[in-house]
Each structure stands twice: as structure tokens, then as C-alpha cells.
file run23.txt (compact mmCIF, C-alpha atoms and all ligand atoms)
# COMPACT_ATOMS: atom_id res chain seq x y z
CA MET T 8 83.95 -85.75 -58.18
CA THR T 9 86.57 -86.26 -55.49
CA LEU T 10 88.96 -83.36 -55.08
CA GLU T 11 91.58 -85.49 -53.35
CA GLY T 12 95.03 -84.01 -53.98
CA LYS T 13 93.69 -80.56 -54.87
CA THR T 14 94.20 -77.42 -52.81
CA VAL T 15 91.59 -74.69 -52.94
CA LEU T 16 92.58 -71.25 -51.71
CA ILE T 17 89.58 -69.33 -50.40
CA GLY T 18 89.82 -65.56 -50.06
CA ILE T 19 87.22 -63.89 -47.85
CA THR T 20 86.70 -60.14 -47.95
CA GLY T 21 84.71 -57.79 -45.71
CA GLY T 22 81.06 -58.29 -46.58
CA ILE T 23 78.11 -59.63 -44.60
CA ALA T 24 77.99 -62.73 -46.86
CA ALA T 25 81.33 -63.81 -45.34
CA TYR T 26 79.48 -66.09 -42.91
CA LYS T 27 78.13 -68.15 -45.84
CA ILE T 28 81.67 -69.17 -46.78
CA CYS T 29 81.82 -71.49 -43.74
CA GLU T 30 79.45 -73.79 -45.66
CA LEU T 31 81.67 -73.58 -48.77
CA ILE T 32 84.73 -74.64 -46.77
CA ARG T 33 82.78 -77.61 -45.35
CA LYS T 34 81.80 -78.69 -48.87
CA PHE T 35 85.43 -78.64 -50.01
CA GLN T 36 86.51 -80.56 -46.91
CA LYS T 37 83.88 -83.23 -47.62
CA SER T 38 85.07 -83.55 -51.23
CA GLY T 39 88.61 -84.34 -50.09
CA ALA T 40 90.21 -81.04 -51.12
CA ALA T 41 92.67 -79.26 -48.85
CA THR T 42 91.45 -75.77 -48.07
CA ARG T 43 93.55 -72.75 -47.26
CA VAL T 44 91.82 -69.59 -46.11
CA VAL T 45 93.05 -66.04 -46.37
CA CYS T 46 90.98 -63.09 -45.13
CA THR T 47 91.19 -59.34 -45.44
CA PRO T 48 91.32 -57.58 -42.06
CA ASN T 49 87.75 -56.31 -42.76
CA ALA T 50 86.47 -59.88 -43.21
CA MET T 51 87.34 -60.47 -39.57
CA ASN T 52 84.48 -58.12 -38.63
CA PHE T 53 82.00 -60.64 -40.05
CA VAL T 54 83.42 -64.09 -39.27
CA THR T 55 85.89 -65.38 -36.70
CA LYS T 56 89.32 -66.81 -37.34
CA LEU T 57 88.56 -69.66 -34.95
CA THR T 58 85.50 -70.80 -36.94
CA LEU T 59 87.39 -70.72 -40.24
CA GLN T 60 90.40 -72.45 -38.71
CA ASN T 61 88.28 -75.31 -37.36
CA LEU T 62 86.38 -75.77 -40.61
CA SER T 63 89.45 -75.62 -42.87
CA ARG T 64 91.63 -77.56 -40.41
CA ASN T 65 94.38 -75.13 -41.23
CA GLN T 66 95.84 -71.87 -40.11
CA VAL T 67 93.84 -68.85 -41.33
CA TYR T 68 95.96 -66.08 -42.82
CA VAL T 69 95.19 -62.39 -42.34
CA ASP T 70 98.28 -60.44 -41.36
CA GLU T 71 100.91 -59.91 -44.03
CA PHE T 72 103.67 -59.27 -41.51
CA ASP T 73 102.97 -62.15 -39.11
CA VAL T 74 105.78 -64.08 -40.84
CA LYS T 75 106.69 -67.57 -39.58
CA GLU T 76 108.49 -69.02 -42.61
CA TRP T 77 111.39 -67.77 -44.72
CA LYS T 78 109.12 -67.76 -47.80
CA PRO T 79 106.51 -64.98 -47.70
CA GLU T 80 102.96 -66.31 -47.39
CA HIS T 81 101.71 -64.50 -50.46
CA ILE T 82 104.17 -66.53 -52.52
CA SER T 83 103.86 -69.91 -50.79
CA LEU T 84 100.04 -69.89 -50.61
CA ALA T 85 99.87 -68.91 -54.30
CA ASP T 86 102.34 -71.66 -55.25
CA GLU T 87 100.67 -74.43 -53.21
CA SER T 88 97.09 -73.86 -54.39
CA ASP T 89 95.46 -75.17 -57.58
CA ILE T 90 92.74 -72.53 -57.73
CA MET T 91 91.71 -69.41 -55.84
CA VAL T 92 88.15 -68.31 -55.17
CA ILE T 93 87.37 -64.92 -53.63
CA ALA T 94 83.96 -64.99 -51.96
CA PRO T 95 82.40 -62.71 -51.06
CA ALA T 96 84.37 -60.33 -53.24
CA THR T 97 83.70 -56.69 -52.31
CA ALA T 98 83.82 -53.75 -54.72
CA ASN T 99 86.95 -52.61 -52.88
CA THR T 100 88.93 -55.86 -53.31
CA ILE T 101 87.78 -56.38 -56.92
CA SER T 102 88.90 -52.87 -57.82
CA LYS T 103 92.26 -53.25 -56.08
CA ILE T 104 93.05 -56.53 -57.85
CA ALA T 105 91.97 -55.08 -61.21
CA ASN T 106 94.54 -52.33 -60.73
CA GLY T 107 97.40 -54.39 -59.34
CA ILE T 108 97.10 -52.98 -55.84
CA ALA T 109 98.52 -55.34 -53.22
CA ASP T 110 98.04 -53.65 -49.87
CA ASN T 111 97.03 -56.61 -47.70
CA LEU T 112 97.79 -60.33 -47.65
CA LEU T 113 94.77 -61.33 -49.78
CA THR T 114 95.40 -58.78 -52.53
CA SER T 115 99.14 -59.62 -52.47
CA ILE T 116 98.35 -63.32 -52.97
CA ALA T 117 95.91 -62.43 -55.78
CA CYS T 118 98.64 -60.37 -57.42
CA ALA T 119 101.05 -63.33 -57.29
CA PHE T 120 98.47 -65.95 -58.33
CA SER T 121 98.97 -67.25 -61.86
CA LYS T 122 96.37 -70.05 -61.92
CA GLN T 123 92.59 -69.77 -62.33
CA MET T 124 90.89 -67.26 -60.05
CA ILE T 125 87.14 -67.01 -59.52
CA PHE T 126 85.30 -64.05 -58.01
CA ALA T 127 81.89 -64.34 -56.35
CA PRO T 128 80.95 -60.68 -55.75
CA ALA T 129 78.47 -59.53 -53.11
CA MET T 130 77.68 -55.90 -52.36
CA ASN T 131 75.00 -53.22 -52.26
CA CYS T 132 73.18 -52.96 -55.63
CA ASN T 133 74.27 -49.34 -56.21
CA MET T 134 77.88 -50.33 -55.62
CA TRP T 135 77.43 -53.20 -58.09
CA ASN T 136 76.03 -50.81 -60.70
CA ASN T 137 78.79 -48.24 -60.14
CA SER T 138 80.50 -47.73 -63.49
CA ALA T 139 84.03 -47.78 -62.01
CA VAL T 140 83.31 -51.16 -60.38
CA GLN T 141 81.82 -52.51 -63.61
CA ASP T 142 84.86 -51.25 -65.58
CA ASN T 143 87.15 -53.09 -63.18
CA ILE T 144 85.10 -56.30 -63.55
CA THR T 145 85.26 -56.01 -67.36
CA LYS T 146 89.02 -55.50 -67.11
CA LEU T 147 89.46 -58.62 -64.97
CA LYS T 148 87.17 -60.71 -67.21
CA SER T 149 89.19 -59.70 -70.25
CA LYS T 150 92.27 -61.12 -68.53
CA GLY T 151 90.61 -64.50 -67.94
CA TYR T 152 89.34 -64.08 -64.36
CA GLU T 153 85.93 -65.67 -63.88
CA PHE T 154 82.97 -63.95 -62.25
CA LEU T 155 79.92 -65.60 -60.76
CA GLU T 156 77.27 -62.92 -61.10
CA PRO T 157 75.53 -61.87 -57.89
CA GLU T 158 71.84 -62.61 -57.58
CA THR T 159 68.94 -60.18 -57.38
CA GLY T 160 66.87 -60.02 -54.21
CA PHE T 161 66.65 -58.57 -50.75
CA LEU T 162 70.05 -57.29 -49.58
CA ALA T 163 71.35 -57.16 -46.01
CA CYS T 164 71.72 -53.36 -46.29
CA GLY T 165 67.93 -53.04 -46.66
CA TYR T 166 67.92 -52.45 -50.43
CA SER T 167 66.43 -54.79 -52.99
CA GLY T 168 68.41 -55.36 -56.20
CA LYS T 169 71.39 -57.15 -57.71
CA GLY T 170 74.18 -57.82 -55.25
CA ARG T 171 73.47 -60.99 -53.27
CA LEU T 172 76.20 -63.60 -53.22
CA CYS T 173 75.30 -66.41 -55.63
CA SER T 174 74.58 -69.80 -54.09
CA ILE T 175 77.34 -71.75 -52.36
CA ASP T 176 76.55 -74.70 -54.67
CA LYS T 177 77.23 -72.49 -57.70
CA ILE T 178 80.60 -71.41 -56.32
CA TYR T 179 81.50 -75.01 -55.46
CA ASP T 180 80.41 -76.34 -58.89
CA SER T 181 82.37 -73.65 -60.68
CA VAL T 182 85.57 -74.53 -58.78
CA VAL T 183 85.04 -78.24 -59.51
CA GLU T 184 84.44 -77.53 -63.22
CA ASN T 185 87.58 -75.40 -63.43
CA LEU T 186 89.68 -78.09 -61.75
CA LYS T 187 88.73 -80.52 -64.54
CA TYR T 188 90.85 -78.65 -67.10
CA SER T 189 94.21 -80.14 -67.86
CA LYS T 190 96.88 -78.53 -69.99
CA LEU T 191 96.17 -80.89 -72.90
CA LEU T 192 96.66 -78.22 -75.55
CA GLU T 193 99.96 -76.74 -74.40
CA GLY T 194 102.11 -75.92 -77.45
CA LYS T 195 99.11 -76.05 -79.82
CA LYS T 196 97.39 -73.22 -81.66
CA VAL T 197 93.59 -73.35 -81.72
CA VAL T 198 91.57 -71.06 -84.00
CA VAL T 199 87.84 -70.71 -83.33
CA THR T 200 85.13 -68.77 -85.18
CA SER T 201 81.95 -67.42 -83.61
CA GLY T 202 78.93 -65.23 -84.25
CA GLY T 203 76.71 -64.71 -87.25
CA THR T 204 78.22 -63.04 -90.28
CA ILE T 205 76.72 -59.73 -91.38
CA GLU T 206 76.08 -59.24 -95.09
CA ASP T 207 75.37 -55.61 -95.88
CA ILE T 208 72.56 -54.62 -98.24
CA ASP T 209 73.11 -50.87 -98.05
CA PRO T 210 74.64 -48.53 -95.41
CA VAL T 211 71.73 -49.17 -93.01
CA ARG T 212 70.47 -52.72 -93.66
CA TYR T 213 71.98 -56.17 -93.55
CA ILE T 214 71.28 -59.92 -93.61
CA SER T 215 72.39 -61.91 -90.58
CA ASN T 216 71.20 -64.61 -88.15
CA TYR T 217 70.58 -65.21 -84.45
CA SER T 218 74.04 -66.49 -83.48
CA SER T 219 75.17 -64.76 -80.28
CA GLY T 220 78.75 -66.01 -80.48
CA LYS T 221 78.47 -67.75 -77.08
CA MET T 222 79.27 -71.27 -78.29
CA GLY T 223 82.44 -70.23 -80.10
CA LEU T 224 83.53 -68.01 -77.23
CA ALA T 225 83.10 -70.92 -74.79
CA ILE T 226 85.30 -73.13 -77.00
CA ALA T 227 87.97 -70.45 -77.25
CA ARG T 228 87.94 -69.98 -73.46
CA SER T 229 88.24 -73.74 -72.92
CA ALA T 230 91.11 -73.99 -75.38
CA LYS T 231 92.89 -71.19 -73.55
CA LYS T 232 92.37 -72.90 -70.19
CA MET T 233 93.84 -76.07 -71.69
CA GLY T 234 97.00 -74.13 -72.48
CA ALA T 235 96.51 -73.46 -76.21
CA GLU T 236 97.58 -70.36 -78.03
CA THR T 237 94.06 -69.27 -78.90
CA VAL T 238 92.63 -67.06 -81.64
CA LEU T 239 88.95 -66.17 -81.82
CA ILE T 240 87.66 -64.84 -85.14
CA THR T 241 84.29 -63.34 -84.36
CA THR T 242 81.60 -60.95 -85.49
CA LYS T 243 80.98 -59.93 -81.86
CA ASP T 244 82.74 -57.51 -79.50
CA VAL T 245 84.74 -59.71 -77.16
CA GLU T 246 87.26 -58.89 -74.42
CA ALA T 247 89.32 -61.97 -73.79
CA PRO T 248 92.72 -63.17 -72.57
CA PHE T 249 93.61 -64.32 -76.10
CA LYS T 250 93.83 -62.85 -79.60
CA VAL T 251 90.46 -61.69 -80.93
CA VAL T 252 89.99 -60.81 -84.61
CA LYS T 253 86.78 -58.89 -85.24
CA VAL T 254 85.18 -59.46 -88.64
CA LYS T 255 81.83 -58.71 -90.21
CA SER T 256 81.07 -60.61 -93.41
CA ALA T 257 81.74 -64.16 -94.57
CA LEU T 258 84.44 -62.86 -96.91
CA GLN T 259 86.21 -61.07 -94.04
CA MET T 260 85.96 -64.22 -91.92
CA GLN T 261 87.53 -66.22 -94.73
CA LYS T 262 90.40 -63.73 -95.03
CA ALA T 263 91.03 -63.84 -91.25
CA LEU T 264 91.04 -67.66 -91.33
CA ASP T 265 93.43 -67.66 -94.26
CA ASP T 266 95.82 -65.50 -92.22
CA GLU T 267 95.80 -67.96 -89.30
CA PHE T 268 95.57 -71.23 -91.26
CA GLU T 269 99.24 -72.14 -91.78
CA THR T 270 100.25 -71.75 -88.13
CA SER T 271 97.17 -73.41 -86.64
CA ASP T 272 96.85 -76.96 -85.28
CA ILE T 273 93.11 -77.07 -84.64
CA ILE T 274 90.34 -75.03 -86.32
CA ILE T 275 86.79 -75.09 -84.96
CA MET T 276 84.10 -73.23 -86.89
CA ALA T 277 81.19 -72.43 -84.61
CA ALA T 278 80.27 -69.29 -86.54
CA ALA T 279 77.00 -69.16 -88.41
CA VAL T 280 78.25 -68.13 -91.83
CA ALA T 281 75.75 -66.73 -94.33
CA ASP T 282 75.50 -68.99 -97.38
CA TYR T 283 74.60 -65.98 -99.56
CA ARG T 284 75.46 -62.29 -99.71
CA VAL T 285 73.84 -59.44 -101.62
CA LYS T 286 75.02 -59.35 -105.22
CA ASN T 287 74.95 -55.57 -105.64
CA TYR T 288 75.67 -53.64 -102.46
CA SER T 289 74.12 -50.20 -102.65
CA ASN T 290 76.38 -47.35 -101.52
CA GLN T 291 73.28 -45.26 -100.82
CA LYS T 292 70.29 -46.17 -98.67
CA LEU T 293 67.76 -47.97 -100.86
CA LYS T 294 64.65 -45.83 -101.36
CA LYS T 295 61.10 -47.05 -100.94
CA THR T 296 59.48 -47.28 -104.36
CA SER T 297 55.87 -47.42 -105.53
CA GLU T 298 56.28 -51.18 -106.11
CA ASP T 299 54.82 -53.63 -103.55
CA GLU T 300 57.74 -55.97 -103.91
CA LEU T 301 61.49 -55.57 -103.72
CA VAL T 302 63.71 -58.27 -105.11
CA LEU T 303 67.18 -58.64 -103.65
CA GLU T 304 69.60 -60.63 -105.73
CA LEU T 305 71.95 -62.85 -103.71
CA ILE T 306 75.11 -64.69 -104.67
CA LYS T 307 76.74 -67.63 -102.97
CA ASN T 308 79.43 -67.04 -100.37
CA PRO T 309 82.42 -69.38 -100.47
CA ASP T 310 82.05 -72.41 -98.22
CA ILE T 311 84.91 -71.49 -95.90
CA LEU T 312 84.96 -74.78 -93.99
CA GLN T 313 85.01 -76.87 -97.15
CA THR T 314 87.79 -74.73 -98.65
CA LEU T 315 89.94 -75.06 -95.50
CA CYS T 316 89.43 -78.82 -95.43
CA SER T 317 90.51 -79.15 -99.05
CA ARG T 318 93.68 -77.16 -98.20
CA ASN T 319 94.46 -79.58 -95.35
CA LYS T 320 95.65 -82.25 -97.74
CA GLY T 321 98.51 -83.49 -95.57
CA GLY T 322 95.97 -83.82 -92.79
CA ASN T 323 98.29 -82.25 -90.21
CA LYS T 324 95.52 -80.02 -88.88
CA ILE T 325 92.30 -80.99 -87.15
CA ILE T 326 89.34 -79.15 -88.63
CA ALA T 327 85.89 -79.22 -87.07
CA GLY T 328 82.67 -77.56 -88.11
CA PHE T 329 79.32 -77.12 -86.47
CA CYS T 330 76.07 -78.21 -88.08
CA ALA T 331 72.92 -76.22 -87.30
CA GLU T 332 69.77 -78.10 -88.31
CA SER T 333 66.09 -77.59 -87.64
CA GLU T 334 65.09 -81.10 -88.82
CA ASN T 335 66.64 -84.55 -89.44
CA LEU T 336 69.69 -83.54 -87.39
CA LEU T 337 71.85 -86.64 -87.69
CA GLU T 338 70.88 -87.50 -91.23
CA ASN T 339 71.81 -84.01 -92.44
CA ALA T 340 74.96 -83.97 -90.32
CA LYS T 341 76.20 -87.23 -91.86
CA GLU T 342 75.68 -85.82 -95.31
CA LYS T 343 77.41 -82.54 -94.37
CA ILE T 344 80.55 -84.13 -92.86
CA SER T 345 81.28 -86.06 -96.02
CA LYS T 346 80.48 -83.09 -98.27
CA LYS T 347 82.65 -80.63 -96.34
CA GLY T 348 85.44 -83.13 -95.66
CA CYS T 349 86.10 -82.07 -92.06
CA ASP T 350 87.49 -84.30 -89.33
CA PHE T 351 84.61 -83.61 -86.93
CA LEU T 352 81.16 -82.13 -87.25
CA ILE T 353 79.30 -81.01 -84.15
CA ALA T 354 75.55 -81.19 -84.73
CA ASN T 355 73.05 -79.13 -82.76
CA ASP T 356 69.29 -78.81 -83.07
CA ILE T 357 68.44 -75.13 -83.63
CA SER T 358 64.68 -75.73 -83.59
CA ARG T 359 64.88 -76.03 -79.78
CA HIS T 360 64.69 -72.83 -77.78
CA ASP T 361 66.44 -74.21 -74.69
CA ILE T 362 69.72 -74.89 -76.55
CA GLY T 363 71.62 -73.68 -79.64
CA PHE T 364 71.17 -70.13 -80.89
CA SER T 365 71.64 -67.48 -78.17
CA SER T 366 71.02 -69.92 -75.30
CA GLU T 367 73.48 -70.42 -72.43
CA TYR T 368 73.10 -74.16 -73.06
CA ASN T 369 73.69 -76.64 -75.80
CA GLU T 370 73.29 -80.33 -76.52
CA VAL T 371 75.44 -81.74 -79.29
CA THR T 372 76.35 -84.91 -81.15
CA ILE T 373 79.88 -85.08 -82.50
CA LEU T 374 80.42 -87.06 -85.66
CA ASP T 375 83.88 -87.99 -86.85
CA LYS T 376 84.99 -88.71 -90.39
CA ASN T 377 85.40 -92.44 -89.62
CA GLY T 378 81.74 -92.84 -88.69
CA GLY T 379 82.15 -92.45 -84.91
CA MET T 380 79.49 -90.55 -83.03
CA LYS T 381 79.08 -89.29 -79.47
CA MET T 382 76.28 -87.33 -77.88
CA PHE T 383 76.84 -84.78 -75.12
CA GLU T 384 73.68 -84.15 -73.14
CA LYS T 385 72.34 -80.66 -72.44
CA ASN T 386 74.74 -78.61 -70.35
CA SER T 387 76.14 -75.09 -70.17
CA LYS T 388 78.06 -74.08 -73.28
CA ASP T 389 81.23 -73.92 -71.12
CA VAL T 390 80.90 -77.59 -70.15
CA ILE T 391 79.94 -78.63 -73.71
CA ALA T 392 82.99 -76.72 -75.02
CA ARG T 393 85.34 -78.59 -72.67
CA GLU T 394 83.74 -81.92 -73.58
CA ILE T 395 84.09 -81.21 -77.31
CA LEU T 396 87.79 -80.35 -76.97
CA GLU T 397 88.53 -83.35 -74.76
CA TYR T 398 86.77 -85.65 -77.24
CA ILE T 399 88.66 -84.21 -80.21
CA ILE T 400 92.01 -84.49 -78.39
CA LYS T 401 91.30 -88.09 -77.30
CA LYS T 402 90.33 -89.11 -80.81
O1 LIG O 501 76.41 -68.38 -81.38
P1 LIG O 501 75.42 -69.05 -80.45
O2 LIG O 501 74.22 -68.20 -80.19
O3 LIG O 501 76.08 -69.57 -79.20
O4 LIG O 501 74.84 -70.32 -81.22
C1 LIG O 501 75.68 -71.37 -81.56
C2 LIG O 501 75.39 -71.92 -82.97
C3 LIG O 501 74.00 -72.54 -83.00
C4 LIG O 501 75.49 -70.80 -83.99
C5 LIG O 501 76.51 -72.98 -83.26
O5 LIG O 501 76.43 -73.99 -82.30
C6 LIG O 501 76.40 -73.55 -84.65
O6 LIG O 501 75.65 -74.46 -84.94
N1 LIG O 501 77.20 -72.99 -85.60
C7 LIG O 501 77.19 -73.36 -87.02
C8 LIG O 501 76.10 -72.62 -87.74
C9 LIG O 501 76.10 -72.91 -89.23
O7 LIG O 501 76.43 -72.07 -90.01
O8 LIG O 501 75.78 -74.15 -89.54
P2 LIG O 501 75.70 -74.75 -91.06
O9 LIG O 501 75.16 -76.11 -90.86
O10 LIG O 501 74.95 -73.79 -91.93
O11 LIG O 501 77.19 -74.80 -91.55
C10 LIG O 501 78.03 -75.91 -91.32
C11 LIG O 501 79.44 -75.45 -91.10
O12 LIG O 501 79.94 -74.81 -92.28
C12 LIG O 501 79.65 -74.47 -89.97
O13 LIG O 501 80.81 -74.81 -89.26
C13 LIG O 501 79.81 -73.13 -90.68
O14 LIG O 501 80.68 -72.26 -89.91
C14 LIG O 501 80.45 -73.54 -91.99
N2 LIG O 501 80.13 -72.68 -93.14
C15 LIG O 501 78.84 -72.48 -93.53
C16 LIG O 501 78.56 -71.71 -94.64
C17 LIG O 501 79.63 -71.14 -95.34
N3 LIG O 501 79.42 -70.39 -96.40
N4 LIG O 501 80.88 -71.35 -94.95
C18 LIG O 501 81.16 -72.11 -93.87
O15 LIG O 501 82.32 -72.29 -93.51
call {"tool": "encode", "arguments": {"input": "run23.txt", "output": "C-alpha cells"}}
result
Amino acid sequence: MTLEGKTVLIGITGGIAAYKICELIRKFQKSGAATRVVCTPNAMNFVTKLTLQNLSRNQVYVDEFDVKEWKPEHISLADESDIMVIAPATANTISKIANGIADNLLTSIACAFSKQMIFAPAMNCNMWNNSAVQDNITKLKSKGYEFLEPETGFLACGYSGKGRLCSIDKIYDSVVENLKYSKLLEGKKVVVTSGGTIEDIDPVRYISNYSSGKMGLAIARSAKKMGAETVLITTKDVEAPFKVVKVKSALQMQKALDDEFETSDIIIMAAAVADYRVKNYSNQKLKKTSEDELVLELIKNPDILQTLCSRNKGGNKIIAGFCAESENLLENAKEKISKKGCDFLIANDISRHDIGFSSEYNEVTILDKNGGMKMFEKNSKDVIAREILEYIIKK
């Protein structure tokens, strides 16, 4: 992909991996992007201004008070750039940004930056595992900042563990992927479900499934990046820069969807909803008996997707479901889309271990109610999520 017309702001902080960022700048230059580089004063101990200046073909910014223009650099650099990537990101800079501290040019720019920001941390493994650092990372993630996890291996400080900067290709690919998002969903409300519902048997036991909630979370994140007011109804604990409604059972999920239905424009049900729940919940823990068999009586849960589709009579909402099949994927999906009456059905093969349940990846075929069909080849759930939303919007 050419990045012609895009400006990438690269923030370099004081870690030994700073020298690797020279290669990243070259990659952006080759792709046609304009690169702007801002360094913390500590970064200058690891890489020279002259090198970065030559590679980026631009002035390199370090000193907050070396002012040449009427507009402060932390405002103009933030305004001009389409995305900011901080690599390597030290524990110190991550923690400052998480707490709104702006005590050098880089942290001041980060504080004023309202577009997508990506962190590629690199540090000693004990610093990475420090609970205060991890709390700050969780805080930033919950606000929509992206983190590219460091890798495990031999560290420059002599230790072996997690803390090495991830590959330059990974940082580059992540920036390119983020630049693909356009604000196609501005002014729209998107409601997404995720995770497997939990149907209690007694206070200690339940019926559920292997859904990790990753697919639904990826769709909600994509919708948010596309500018939508986003609501995620999920059975999982999620920290996110949008509204999250935590539910447990199918009935609770239905209630939460009912609450959001009227004001929503798009509903996407990636949750794995139990078709049945226990008929007689036991308030006390069920005791082992002398019998060799225990029979649990189950009753049908409402089909939430089907019910929502039947409520959408005017057709002013787009409703999509997922279809998890272990055999005859497309055949079963075609049958399901007409039975449930949804606009789109996204079919995935859950018999494969490299995609679907719990995996970081998926491969899907989207069916639409008019008989259209499109396959999206195996990719990360983030990419698949963006492709699904773009397809639905285009259609
Ligand atoms: O969570 P991950 O680990 O990332 O895995 C993702 C996934 C495999 C769970 C996801 O991609 C997926 O396939 N979700 C749908 C799972 C499912 O319940 O499929 P289904 O074919 O049984 O149901 C079809 C549709 O009806 C689904 O949208 C489901 O949410 C909905 N449904 C099902 C039963 C029910 N009682 N009410 C419903 O609304």
C-alpha cells in the first residue's frame, strides 16, 4: 500500500532499541509517507539527530523551547500528523502519558494528539512486569491506545525475558493497517455482542462454550475507529474506549440488546449464545447421589437474533449474525440466514483450530439476504473485523 499523502509521527524514547527505528523511518520513506520525528532528550543518548534528520528528510524535534514558529510544535506536529507511533516506548514515557504528564516535547505532543497512537514498548523484563507499568498500559489500552507487545528473548541489559522491541515489520504493518480506517461510521451507533453466554446450573456449575470474545471485541474496536458510537455487550471483562455492558446469560444478553435496540443503526451478534438453559436452577450446590447418572433438564433460550430481526420490520437497522458450524458451513449458513431473517450472516468454520473459537485469527464468508456472498481469507481478527464492517457499509 502506498502511504502517499500520509504523515507518520515517530516518537523515539531513551532505550537501546532506538537505533532500530532508523530502519522504520526508511520503510515509511520508501512507502511514500512523510515522516516527522520527535525524540525525548534521553533518546539522543542512543541515536544521533543527524542520522534521523537525514533518514526522515525533516527537522528532528527534541527541545520544547527551541521555538521557531508562532504555533508551538506540540500543537502543530500533532495537527499535521495522521498517526503517531512511539517506538521504543520506555516504561517512563508510557507511565507519563498514561497519567497526563507532559514534561518534554514528546510527552506534550502525545498529550495533544487526538488521532490513533501506537506504542511499541521495549525495556528490561522486570520493568515490563512491574505492576505499576502494567497498570499504566491497561489504562492506556482502555482509552483506545494500541500496544505492540514486546518479544521474549535475550535483552541488551544481559537478562533474558519479555521486553525486546517487536519487529520493525510488525510496527510498520500496524501503522499501515491503522491508516486504512476511514470515518465511515460517524454519526452511527453500532452494537456488538461477544463471548459465550453462561447458563448456571447451581451456584458452582454452569454450561458455556469456548468463545473468548475476541471476534466481537475486534468488531467493536473497528467500529469505534470508524467513528461509530459503539456499545459492546459481552460476557467477558473488557476495558475499552466505548460503552461495555457486561452480561452473563442469554436472557441477560437479550435484555441488554433490548435496551440498545431502538437507538442502534447496526447490530452485529458475534456472541456464542447458548441455545438451551437449565430448566430448574438449584439455589444450593447439587449433591452427588448414589445414582450413576444425573439428568439435567434444559429448556430453549429465545433466539435473540431472530427476535431482533422480526422487530426490524421497517428495515431501518442493519442486523448481522455470525454462524458457527463444524460441518457443511455454507449450506447451513444459507439455511440459517433465511430462518433468522438477518441482513448478513458471517459464517466461520469452528472445526478448525487455527481460526474461530479463541484463536487470534479468523476466516469468514459473509452471506447477504439477497444471495450475495464474499469470502475473507484467513487474517487477524482485527483485519477481518474491518473487512466485515467495510463490506456491510458498502452493501
Ligand atoms: O469469541 P471468539 O473466541 O473470538 O470466537 C468467535 C466465534 C467463533 C464465537 C464467532 O465468530 C461466532 O461464530 N459467533 C457465533 C456463535 C454462534 O452462536 O453461532 P450459531 O450459529 O449457534 O448462532 C447463529 C447466530 O444466532 C449468532 O449470531 C448467535 O449470536 C445468534 N443466536 C444463537 C442462539 C440464540 N439462542 N440466540 C441467538 O441470537
call {"tool": "residues_around", "arguments": {"input": "run23.txt", "residues": "Gly322 of chain T", "least_positions_apart": "2", "cutoff": "12 Å", "atoms": "only C-alpha atoms", "output": "list of chain:residue names"}}
result
T:Asp272, T:Ile273, T:Leu315, T:Cys316, T:Ser317, T:Arg318, T:Asn319, T:Lys320, T:Lys324, T:Ile325, T:Ile326, T:Gly348, T:Cys349, T:Asp350
call {"tool": "closest_residue", "arguments": {"input": "run23.txt", "among": "T:Leu337, T:Val54, T:Met222, T:Ile275", "to": "Tyr368 of chain T", "atoms": "all atoms listed in the file"}}
result
T:Met222
call {"tool": "residues_around", "arguments": {"input": "run23.txt", "residues": "Ile17 of chain T", "least_positions_apart": "4", "cutoff": "10 Å", "atoms": "only C-alpha atoms", "output": "NGL selection string"}}
result
:T and (28 or 31-32 or 42-46 or 63 or 88 or 90-95 or 113 or 124-125)
call {"tool": "residues_near_ligand", "arguments": {"input": "run23.txt", "ligand": "ligand LIG 501 (chain O)", "cutoff": "7 Å", "atoms": "all atoms listed in the file", "output": "ChimeraX atom specification"}}
result
/T:201-203,217-223,257,276-282,308-313,328-332,354-355,357,363-366
call {"tool": "write_last_selection", "arguments": {"input": "run23.txt", "atoms": "C-alpha atoms", "output": "short mmCIF file (atom, residue, chain, number, x, y, z; two decimals), in the frame of the given file"}}
result
data_model
loop_
_atom_site.label_atom_id
_atom_site.label_comp_id
_atom_site.auth_asym_id
_atom_site.auth_seq_id
_atom_site.Cartn_x
_atom_site.Cartn_y
_atom_site.Cartn_z
CA SER T 201 81.95 -67.42 -83.61
CA GLY T 202 78.93 -65.23 -84.25
CA GLY T 203 76.71 -64.71 -87.25
CA TYR T 217 70.58 -65.21 -84.45
CA SER T 218 74.04 -66.49 -83.48
CA SER T 219 75.17 -64.76 -80.28
CA GLY T 220 78.75 -66.01 -80.48
CA LYS T 221 78.47 -67.75 -77.08
CA MET T 222 79.27 -71.27 -78.29
CA GLY T 223 82.44 -70.23 -80.10
CA ALA T 257 81.74 -64.16 -94.57
CA MET T 276 84.10 -73.23 -86.89
CA ALA T 277 81.19 -72.43 -84.61
CA ALA T 278 80.27 -69.29 -86.54
CA ALA T 279 77.00 -69.16 -88.41
CA VAL T 280 78.25 -68.13 -91.83
CA ALA T 281 75.75 -66.73 -94.33
CA ASP T 282 75.50 -68.99 -97.38
CA ASN T 308 79.43 -67.04 -100.37
CA PRO T 309 82.42 -69.38 -100.47
CA ASP T 310 82.05 -72.41 -98.22
CA ILE T 311 84.91 -71.49 -95.90
CA LEU T 312 84.96 -74.78 -93.99
CA GLN T 313 85.01 -76.87 -97.15
CA GLY T 328 82.67 -77.56 -88.11
CA PHE T 329 79.32 -77.12 -86.47
CA CYS T 330 76.07 -78.21 -88.08
CA ALA T 331 72.92 -76.22 -87.30
CA GLU T 332 69.77 -78.10 -88.31
CA ALA T 354 75.55 -81.19 -84.73
CA ASN T 355 73.05 -79.13 -82.76
CA ILE T 357 68.44 -75.13 -83.63
CA GLY T 363 71.62 -73.68 -79.64
CA PHE T 364 71.17 -70.13 -80.89
CA SER T 365 71.64 -67.48 -78.17
CA SER T 366 71.02 -69.92 -75.30
#
call {"tool": "residues_near_point", "arguments": {"input": "run23.txt", "point": "(66.6, -47.9, -101.1)", "cutoff": "12 Å", "atoms": "only C-alpha atoms", "output": "PyMOL selection string"}}
result
chain T and resi 208-212+288-298+301-303
call {"tool": "atom_distance", "arguments": {"input": "run23.txt", "atom1": "atom CA of Lys243 of chain T", "atom2": "atom CA of Ser149 of chain T"}}
result
14.2 Å
call {"tool": "closest_residue", "arguments": {"input": "run23.txt", "among": "T:Val69, T:Leu84, T:Ala96, T:Met8", "to": "Asp110 of chain T", "atoms": "all atoms listed in the file"}}
result
T:Val69
call {"tool": "closest_residue", "arguments": {"input": "run23.txt", "among": "T:Asp176, T:Asp70, T:Glu153, T:Asp375", "to": "Phe35 of chain T", "atoms": "all atoms listed in the file"}}
result
T:Asp176
